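Q: Take a look at run09.cif, mmCIF, C-alpha atoms:
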```cif
data_input
loop_
_atom_site.label_atom_id
_atom_site.label_comp_id
_atom_site.auth_asym_id
_atom_site.auth_seq_id
_atom_site.Cartn_x
_atom_site.Cartn_y
_atom_site.Cartn_z
CA MET Z 1 0.00 0.00 0.00
CA PRO Z 2 1.44 3.43 -0.90
CA SER Z 3 2.83 5.51 1.92
CA LEU Z 4 1.49 9.06 2.19
CA ASN Z 5 3.17 10.06 5.44
CA ASN Z 6 4.21 13.72 5.63
CA THR Z 7 3.48 14.31 1.97
CA THR Z 8 -0.25 14.97 1.97
CA ASP Z 9 -2.30 18.12 1.84
CA GLY Z 10 -3.83 18.68 5.27
CA PHE Z 11 -7.05 20.00 3.75
CA ASN Z 12 -7.42 17.07 1.39
CA SER Z 13 -6.49 13.91 3.23
CA GLY Z 14 -4.73 11.43 0.97
CA HIS Z 15 -3.75 14.03 -1.66
CA PRO Z 16 0.06 14.19 -1.98
CA ARG Z 17 1.33 17.73 -2.25
CA ARG Z 18 5.05 17.26 -2.91
CA GLN Z 19 5.99 18.29 -6.43
CA TYR Z 20 9.09 18.42 -8.60
CA ILE Z 21 10.27 20.56 -11.48
CA THR Z 22 12.35 18.91 -14.17
CA THR Z 23 15.82 20.28 -14.96
CA SER Z 24 16.09 18.60 -18.36
CA ALA Z 25 14.20 16.14 -20.55
CA PHE Z 26 13.24 13.27 -18.26
CA ASN Z 27 11.77 10.65 -20.59
CA ASN Z 28 14.70 8.31 -19.91
CA ASP Z 29 14.22 8.72 -16.15
CA PHE Z 30 10.46 8.05 -16.11
CA TYR Z 31 9.57 4.43 -15.30
CA LEU Z 32 6.88 1.82 -15.17
CA TYR Z 33 7.25 -1.06 -12.72
CA THR Z 34 6.04 -4.59 -13.26
CA VAL Z 35 6.37 -7.67 -11.07
CA THR Z 36 6.31 -11.24 -12.34
CA ARG Z 37 6.21 -14.45 -10.33
CA ASN Z 38 8.12 -17.57 -11.30
CA GLN Z 39 5.50 -20.28 -11.17
CA THR Z 40 8.11 -22.92 -10.31
CA THR Z 41 10.20 -21.14 -7.67
CA ASN Z 42 7.55 -18.62 -6.58
CA VAL Z 43 10.27 -15.91 -6.77
CA LEU Z 44 9.12 -12.39 -7.57
CA THR Z 45 11.07 -10.36 -10.13
CA GLY Z 46 10.63 -6.62 -10.47
CA THR Z 47 11.41 -4.79 -13.70
CA LEU Z 48 11.58 -1.12 -14.59
CA SER Z 49 10.71 -0.03 -18.12
CA ALA Z 50 10.19 3.27 -19.90
CA VAL Z 51 6.81 4.96 -19.61
CA VAL Z 52 4.93 4.21 -22.80
CA GLY Z 53 4.61 7.33 -24.92
CA ALA Z 54 7.24 9.31 -23.04
CA THR Z 55 9.53 11.30 -25.36
CA ALA Z 56 11.95 14.19 -24.99
CA ALA Z 57 9.31 16.39 -26.64
CA ASN Z 58 6.51 15.65 -24.17
CA CYS Z 59 8.82 15.25 -21.14
CA PRO Z 60 10.86 18.48 -21.36
CA ALA Z 61 12.70 20.62 -18.84
CA ASN Z 62 10.62 22.96 -16.65
CA ARG Z 63 7.75 20.49 -16.40
CA ILE Z 64 6.09 20.22 -12.97
CA LEU Z 65 5.38 16.69 -11.72
CA ARG Z 66 3.05 15.93 -8.83
CA GLU Z 67 3.36 12.94 -6.53
CA ASN Z 68 0.49 10.47 -6.70
CA GLY Z 69 1.29 8.66 -3.45
CA ARG Z 70 3.00 5.56 -4.81
CA ARG Z 71 6.31 4.48 -3.26
CA LEU Z 72 8.80 1.76 -4.14
CA TYR Z 73 11.53 0.94 -1.66
CA LYS Z 74 14.86 -0.80 -2.00
CA ASP Z 75 14.69 -4.44 -0.86
CA ALA Z 76 11.00 -4.19 -0.02
CA ASN Z 77 10.21 -4.15 -3.74
CA PRO Z 78 12.14 -6.67 -5.87
CA GLY Z 79 14.52 -5.17 -8.41
CA ILE Z 80 14.47 -1.71 -6.81
CA SER Z 81 17.84 -0.25 -5.81
CA THR Z 82 16.73 3.18 -4.58
CA LEU Z 83 13.58 4.99 -3.47
CA LEU Z 84 11.21 5.71 -6.34
CA VAL Z 85 8.09 7.85 -6.10
CA GLY Z 86 5.05 7.93 -8.32
CA VAL Z 87 4.26 11.16 -10.14
CA TYR Z 88 1.91 12.36 -12.82
CA ASP Z 89 2.32 15.05 -15.44
CA ALA Z 90 -0.80 17.17 -15.77
CA VAL Z 91 0.32 18.47 -19.17
CA SER Z 92 0.99 15.19 -20.98
CA GLY Z 93 -1.28 13.07 -18.81
CA LEU Z 94 1.51 10.52 -18.30
CA SER Z 95 2.16 8.82 -14.97
CA GLY Z 96 5.19 6.91 -13.80
CA LEU Z 97 7.96 6.60 -11.26
CA ILE Z 98 10.99 8.81 -10.75
CA ASP Z 99 14.04 8.89 -8.51
CA PRO Z 100 13.30 12.09 -6.53
CA ASN Z 101 17.00 12.56 -5.81
CA SER Z 102 18.04 12.31 -9.44
CA ALA Z 103 19.76 15.29 -11.07
CA ARG Z 104 16.74 15.52 -13.38
CA PHE Z 105 14.39 16.79 -10.67
CA ALA Z 106 14.32 19.68 -8.22
CA VAL Z 107 11.74 20.22 -5.49
CA TYR Z 108 8.92 22.57 -6.44
CA ASN Z 109 6.92 24.37 -3.75
CA GLY Z 110 5.91 21.57 -1.37
CA ASP Z 111 3.23 23.67 0.34
CA LYS Z 112 1.04 24.02 -2.74
CA SER Z 113 -1.89 21.67 -3.11
CA VAL Z 114 -1.93 19.53 -6.22
CA PHE Z 115 -5.34 20.84 -7.32
CA GLN Z 116 -3.94 24.38 -7.64
CA ASP Z 117 -2.66 25.58 -11.00
CA ASN Z 118 1.04 26.17 -11.54
CA GLY Z 119 2.00 29.54 -10.13
CA VAL Z 120 2.39 32.83 -12.01
CA ASP Z 121 4.23 35.73 -10.38
CA PRO Z 122 1.72 38.57 -9.80
CA ASN Z 123 4.57 41.07 -10.29
CA GLY Z 124 5.62 40.62 -13.90
CA GLY Z 125 3.66 37.52 -14.85
CA LEU Z 126 6.59 35.10 -14.90
CA VAL Z 127 5.69 31.43 -14.58
CA ASP Z 128 6.94 30.06 -11.26
CA GLN Z 129 9.80 27.58 -11.68
CA GLY Z 130 10.97 27.13 -8.12
CA PRO Z 131 12.45 29.35 -5.43
CA PRO Z 132 15.90 30.96 -5.47
CA ILE Z 133 18.67 29.72 -3.20
CA TYR Z 134 19.98 31.96 -0.43
CA THR Z 135 22.64 30.38 1.72
CA ARG Z 136 25.72 31.26 3.71
CA GLY Z 137 27.10 27.83 2.95
CA SER Z 138 28.74 26.49 -0.17
CA VAL Z 139 26.76 25.52 -3.26
CA THR Z 140 28.15 22.31 -4.73
CA ALA Z 141 27.08 21.37 -8.24
CA LEU Z 142 28.94 18.25 -9.31
CA GLY Z 143 27.29 18.32 -12.71
CA GLY Z 144 28.16 21.96 -13.40
CA PHE Z 145 25.91 24.98 -13.81
CA THR Z 146 23.22 25.41 -16.44
CA GLY Z 147 21.97 28.87 -17.30
CA PRO Z 148 23.09 32.28 -16.03
CA VAL Z 149 25.08 32.49 -12.81
CA ARG Z 150 25.44 36.13 -11.92
CA ASN Z 151 25.38 38.79 -9.25
CA ALA Z 152 22.23 40.61 -8.32
CA THR Z 153 24.21 43.86 -7.91
CA SER Z 154 27.53 45.40 -8.84
CA THR Z 155 30.02 46.90 -6.40
CA ALA Z 156 31.12 50.51 -6.94
CA LEU Z 157 34.78 51.23 -6.23
CA THR Z 158 36.29 54.58 -5.23
CA THR Z 159 35.87 57.42 -7.73
CA VAL Z 160 39.22 59.00 -8.62
CA THR Z 161 38.93 62.80 -8.39
CA THR Z 162 42.49 63.84 -7.48
CA SER Z 163 44.53 65.09 -10.41
CA GLY Z 164 47.98 63.57 -10.60
CA GLY Z 165 47.29 61.56 -7.47
CA GLN Z 166 47.96 57.92 -6.81
CA THR Z 167 44.93 56.14 -5.40
CA ALA Z 168 44.94 52.59 -4.07
CA GLN Z 169 41.81 50.51 -4.22
CA SER Z 170 41.24 47.02 -2.87
CA LEU Z 171 38.80 44.74 -4.65
CA ASP Z 172 36.91 42.76 -2.03
CA LEU Z 173 36.19 39.72 -4.15
CA SER Z 174 33.73 38.35 -1.60
CA LEU Z 175 31.31 41.15 -2.55
CA GLY Z 176 30.54 39.73 -5.94
CA ASN Z 177 31.65 39.43 -9.54
CA VAL Z 178 31.03 42.87 -11.04
CA PHE Z 179 32.90 46.03 -10.01
CA THR Z 180 32.60 49.56 -11.41
CA PHE Z 181 35.21 52.31 -11.22
CA THR Z 182 34.78 55.95 -12.24
CA THR Z 183 37.45 58.53 -12.96
CA SER Z 184 36.45 62.19 -12.96
CA ALA Z 185 39.79 63.85 -12.17
CA SER Z 186 40.38 67.20 -13.93
CA GLY Z 187 43.96 66.18 -14.60
CA ALA Z 188 45.91 62.98 -15.18
CA ALA Z 189 45.55 60.47 -12.35
CA SER Z 190 46.48 56.90 -11.53
CA ILE Z 191 45.06 54.07 -9.48
CA THR Z 192 46.42 50.76 -8.28
CA LEU Z 193 43.94 47.93 -7.87
CA THR Z 194 44.74 45.00 -5.60
CA PRO Z 195 42.41 42.02 -5.13
CA SER Z 196 41.75 41.04 -1.54
CA ASN Z 197 40.43 37.71 -0.30
CA LEU Z 198 43.10 35.67 -2.04
CA THR Z 199 44.54 32.78 0.00
CA THR Z 200 42.53 33.92 3.03
CA ALA Z 201 39.61 32.52 4.96
CA THR Z 202 37.25 34.30 2.55
CA THR Z 203 39.23 33.44 -0.56
CA SER Z 204 37.81 34.01 -4.00
CA SER Z 205 36.29 30.90 -5.47
CA VAL Z 206 38.20 28.83 -7.99
CA GLY Z 207 36.70 29.72 -11.35
CA GLN Z 208 35.19 32.99 -10.10
CA THR Z 209 34.87 35.51 -12.91
CA ILE Z 210 35.56 39.14 -12.03
CA THR Z 211 34.39 41.90 -14.36
CA LEU Z 212 35.75 45.44 -13.96
CA ILE Z 213 33.79 48.21 -15.70
CA ILE Z 214 35.62 51.55 -15.96
CA ASN Z 215 33.73 54.79 -16.64
CA ALA Z 216 36.02 57.57 -17.91
CA THR Z 217 34.15 60.85 -17.59
CA THR Z 218 36.90 63.39 -18.38
CA VAL Z 219 39.37 63.88 -21.23
CA GLN Z 220 42.32 63.44 -18.88
CA ASN Z 221 44.09 60.09 -18.85
CA THR Z 222 43.87 57.77 -15.89
CA THR Z 223 46.41 54.99 -15.61
CA ILE Z 224 45.16 51.83 -13.94
CA THR Z 225 47.82 49.54 -12.53
CA PHE Z 226 46.83 46.01 -11.61
CA GLY Z 227 48.75 45.21 -8.45
CA THR Z 228 49.81 42.10 -6.56
CA GLY Z 229 47.46 39.21 -7.14
CA PHE Z 230 46.74 40.09 -10.76
CA VAL Z 231 48.30 38.25 -13.67
CA LYS Z 232 47.74 40.77 -16.45
CA THR Z 233 48.85 42.08 -19.82
CA GLY Z 234 49.97 45.41 -18.34
CA THR Z 235 48.55 48.72 -17.21
CA LEU Z 236 45.43 50.21 -18.73
CA VAL Z 237 45.29 53.88 -19.75
CA VAL Z 238 41.76 55.19 -20.05
CA THR Z 239 40.46 58.56 -21.22
CA ALA Z 240 37.13 60.09 -22.16
CA GLY Z 241 36.37 61.22 -25.67
CA ALA Z 242 36.19 64.80 -26.90
CA GLY Z 243 33.19 66.75 -25.76
CA PRO Z 244 33.82 65.20 -23.25
CA VAL Z 245 32.04 61.94 -24.01
CA THR Z 246 32.14 59.21 -21.38
CA GLN Z 247 34.04 56.18 -22.56
CA TYR Z 248 33.81 52.74 -21.04
CA TYR Z 249 36.30 49.92 -20.70
CA VAL Z 250 35.63 46.36 -19.59
CA VAL Z 251 38.30 44.02 -18.22
CA THR Z 252 37.52 40.46 -17.16
CA PHE Z 253 39.52 38.12 -14.94
CA THR Z 254 39.17 34.58 -13.67
CA SER Z 255 40.44 33.29 -10.33
CA ASP Z 256 42.22 30.10 -9.34
CA GLY Z 257 41.76 30.98 -5.66
CA THR Z 258 45.31 32.34 -5.39
CA ARG Z 259 45.56 34.79 -8.28
CA VAL Z 260 43.22 36.44 -10.76
CA TYR Z 261 44.16 36.11 -14.41
CA GLU Z 262 43.19 38.57 -17.11
CA GLN Z 263 40.94 37.06 -19.77
CA SER Z 264 40.17 40.05 -21.94
CA ARG Z 265 39.98 43.82 -22.13
CA THR Z 266 38.11 46.08 -24.51
CA ALA Z 267 39.17 49.18 -26.32
CA ALA Z 268 37.24 52.35 -25.51
CA LEU Z 269 33.46 51.91 -25.76
CA THR Z 270 30.97 54.74 -26.17
#
```
Let me see whether you can do it: turn the structure in this file into structure tokens.
A:
Amino acid sequence: MPSLNNTTDGFNSGHPRRQYITTSAFNNDFYLYTVTRNQTTNVLTGTLSAVVGATAANCPANRILRENGRRLYKDANPGISTLLVGVYDAVSGLSGLIDPNSARFAVYNGDKSVFQDNGVDPNGGLVDQGPPIYTRGSVTALGGFTGPVRNATSTALTTVTTSGGQTAQSLDLSLGNVFTFTTSASGAASITLTPSNLTTATTSSVGQTITLIINATTVQNTTITFGTGFVKTGTLVVTAGAGPVTQYYVVTFTSDGTRVYEQSRTAALT
């Protein structure tokens, strides 16, 4: 008999409420289960097979699956090596079993009753596809990342306003991936950038990409020197265009946790 413990909707006894959203096509991870009995030995044999009619087209990513209450357990069910749960797809009408801890499935809002429609954000109308992740701990993705991984904000560095002056600026790499720097000195100026958080308790992550956006708002040159911790192609001299017209420069780096290495830099952008 299926187990419904801790997975049912309190207002509708017996209705499972746990749901999953698919991270990729799941037709190859969607099973039927059959049991046969050997008439001579009386031994039961369990077999998993593909759900009939399941294809990559009708079992795509971003599909929400709802539990139907069925459970198969290792050892208790012959031929089963891990927990499988029964789900149904309200779009295709297909039902089957999935491994809820497979990389193909993420937990959708477990507090939503199955009779409710899939959610739509009232602010903007986006279709709900699961909550964001906010954690002080590490995020480990053994299979890599799919889709955009980015900062919600950029970090503004010190604005250089002193003509002819030498300004030091530390990049706190724990603040994010995108940093902006503005020069508005009336005369030539220079700045030395040094990345912090390298080989420390709050070290930059291996593979972290750092993007530096420079806004040059005056016609005077500003020389940017990349200090200790940078492996770079040299200094960068920036200046605004005639008018003056603000010019922009973008320099990107990647970190190995000990140093940050320059990947690219643009010419002046307007």
Q: Can you pull out the residues contacting Pro78 in chain Z? Cut-off 9 Å, using only C-alpha atoms, and skip same-chain residues under 6 positions away; I want them as a list in words.
A: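 With the cut-off at 9 Å, the set is Val35, Leu44, Thr45, Gly46 and Thr47 of chain Z.
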Q: Could you please determine the separation between CA of Arg18 in chain Z and CA of Ser138 in chain Z in Å, to one decimal place?
A: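 Going from CA of Arg18 in chain Z over to CA of Ser138 in chain Z covers 25.6 Å.
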Q: Find the distance between CA of Thr182 in chain Z and CA of Ala168 in chain Z and write it in Å to one decimal.
A: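 CA of Ala168 in chain Z lies at a distance of 13.5 Å from CA of Thr182 in chain Z.
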Q: Between CA of Ile80 in chain Z and CA of Gly53 in chain Z, what is the spacing in Å?
A: 22.5 Å
Q: Using the chain letters and numbers from this file, what does the PyMOL selection byres ((chain Z and resi 97) around 7) select? Give the answer as a VMD selection string.
A: chain Z and resid 30 to 32 84 to 87 96 98
Q: For a quick check of understanding, using all atoms listed in the file, which of Z:Ile210, Z:Val43, Z:Ala188, Z:Asp256 has the smallest distance to Thr161 in chain Z?
A: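 When distances to Thr161 in chain Z are compared using all atoms listed in the file, the smallest one comes from Z:Ala188.
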Q: Within 6 Å of (2.2, 6.6, -5.4), in the coordinates the file gives, what residues turn up when you count only C-alpha atoms, written out as a PDB file with C-alpha atoms, keeping the file's coordinate frame?
A:
```pdb
ATOM      1  CA  PRO Z   2       1.440   3.430  -0.900  1.00  0.00           C
ATOM      2  CA  ASN Z  68       0.490  10.470  -6.700  1.00  0.00           C
ATOM      3  CA  GLY Z  69       1.290   8.660  -3.450  1.00  0.00           C
ATOM      4  CA  ARG Z  70       3.000   5.560  -4.810  1.00  0.00           C
ATOM      5  CA  ARG Z  71       6.310   4.480  -3.260  1.00  0.00           C
ATOM      6  CA  GLY Z  86       5.050   7.930  -8.320  1.00  0.00           C
TER       7      GLY Z  86
END
```
Q: Let me make sure I understand: among Z:Pro60, Z:Pro132, Z:Gly229, Z:Pro100, which one has the smallest atom-to-atom distance to Glu262 in chain Z if we use only C-alpha atoms?
A: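 Looking only at the distances to Glu262 in chain Z, the closest residue turns out to be Z:Gly229.
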Q: Expanded to explicit residues, what is the PyMOL selection byres ((chain Z and resi 263) around 7) for this file, as a list in words?
A: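 So the PyMOL selection byres ((chain Z and resi 263) around 7) ends up selecting Thr252, Phe253, Thr254, Tyr261, Glu262 and Ser264 of chain Z.
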Q: Neighbouring residues of range 192-196 of chain Z were defined as those with any atom within 10 Å, considering all atoms listed in the file; residues of the same chain fewer than 5 positions away were excluded. Please report them as a PyMOL selection string.
A: chain Z and resi 157+166-174+202-204+223-230+235+259-260
Q: Would you please work out which residue, of Z:Gly187, Z:Gly125, Z:Gly93, Z:Gly130, is nearest to Ala106 in chain Z when using only C-alpha atoms?
A: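 Once distances to Ala106 in chain Z are computed over only C-alpha atoms, the minimum belongs to Z:Gly130.
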Q: Care to translate the PyMOL selection byres ((chain Z and resi 249) around 12) into actual residues of this file, as a VMD selection string?
A: chain Z and resid 179 to 183 211 to 217 222 224 236 to 240 246 to 248 250 to 252 264 to 270
Q: Limited to C-alpha atoms, could you put the picked residues into a file as a PDB file, in the frame of the given file?
A:
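Now in out-v6.pdb:
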```pdb
ATOM      1  CA  PHE Z 179      32.900  46.030 -10.010  1.00  0.00           C
ATOM      2  CA  THR Z 180      32.600  49.560 -11.410  1.00  0.00           C
ATOM      3  CA  PHE Z 181      35.210  52.310 -11.220  1.00  0.00           C
ATOM      4  CA  THR Z 182      34.780  55.950 -12.240  1.00  0.00           C
ATOM      5  CA  THR Z 183      37.450  58.530 -12.960  1.00  0.00           C
ATOM      6  CA  THR Z 211      34.390  41.900 -14.360  1.00  0.00           C
ATOM      7  CA  LEU Z 212      35.750  45.440 -13.960  1.00  0.00           C
ATOM      8  CA  ILE Z 213      33.790  48.210 -15.700  1.00  0.00           C
ATOM      9  CA  ILE Z 214      35.620  51.550 -15.960  1.00  0.00           C
ATOM     10  CA  ASN Z 215      33.730  54.790 -16.640  1.00  0.00           C
ATOM     11  CA  ALA Z 216      36.020  57.570 -17.910  1.00  0.00           C
ATOM     12  CA  THR Z 217      34.150  60.850 -17.590  1.00  0.00           C
ATOM     13  CA  THR Z 222      43.870  57.770 -15.890  1.00  0.00           C
ATOM     14  CA  ILE Z 224      45.160  51.830 -13.940  1.00  0.00           C
ATOM     15  CA  LEU Z 236      45.430  50.210 -18.730  1.00  0.00           C
ATOM     16  CA  VAL Z 237      45.290  53.880 -19.750  1.00  0.00           C
ATOM     17  CA  VAL Z 238      41.760  55.190 -20.050  1.00  0.00           C
ATOM     18  CA  THR Z 239      40.460  58.560 -21.220  1.00  0.00           C
ATOM     19  CA  ALA Z 240      37.130  60.090 -22.160  1.00  0.00           C
ATOM     20  CA  THR Z 246      32.140  59.210 -21.380  1.00  0.00           C
ATOM     21  CA  GLN Z 247      34.040  56.180 -22.560  1.00  0.00           C
ATOM     22  CA  TYR Z 248      33.810  52.740 -21.040  1.00  0.00           C
ATOM     23  CA  VAL Z 250      35.630  46.360 -19.590  1.00  0.00           C
ATOM     24  CA  VAL Z 251      38.300  44.020 -18.220  1.00  0.00           C
ATOM     25  CA  THR Z 252      37.520  40.460 -17.160  1.00  0.00           C
ATOM     26  CA  SER Z 264      40.170  40.050 -21.940  1.00  0.00           C
ATOM     27  CA  ARG Z 265      39.980  43.820 -22.130  1.00  0.00           C
ATOM     28  CA  THR Z 266      38.110  46.080 -24.510  1.00  0.00           C
ATOM     29  CA  ALA Z 267      39.170  49.180 -26.320  1.00  0.00           C
ATOM     30  CA  ALA Z 268      37.240  52.350 -25.510  1.00  0.00           C
ATOM     31  CA  LEU Z 269      33.460  51.910 -25.760  1.00  0.00           C
ATOM     32  CA  THR Z 270      30.970  54.740 -26.170  1.00  0.00           C
TER      33      THR Z 270
END
```
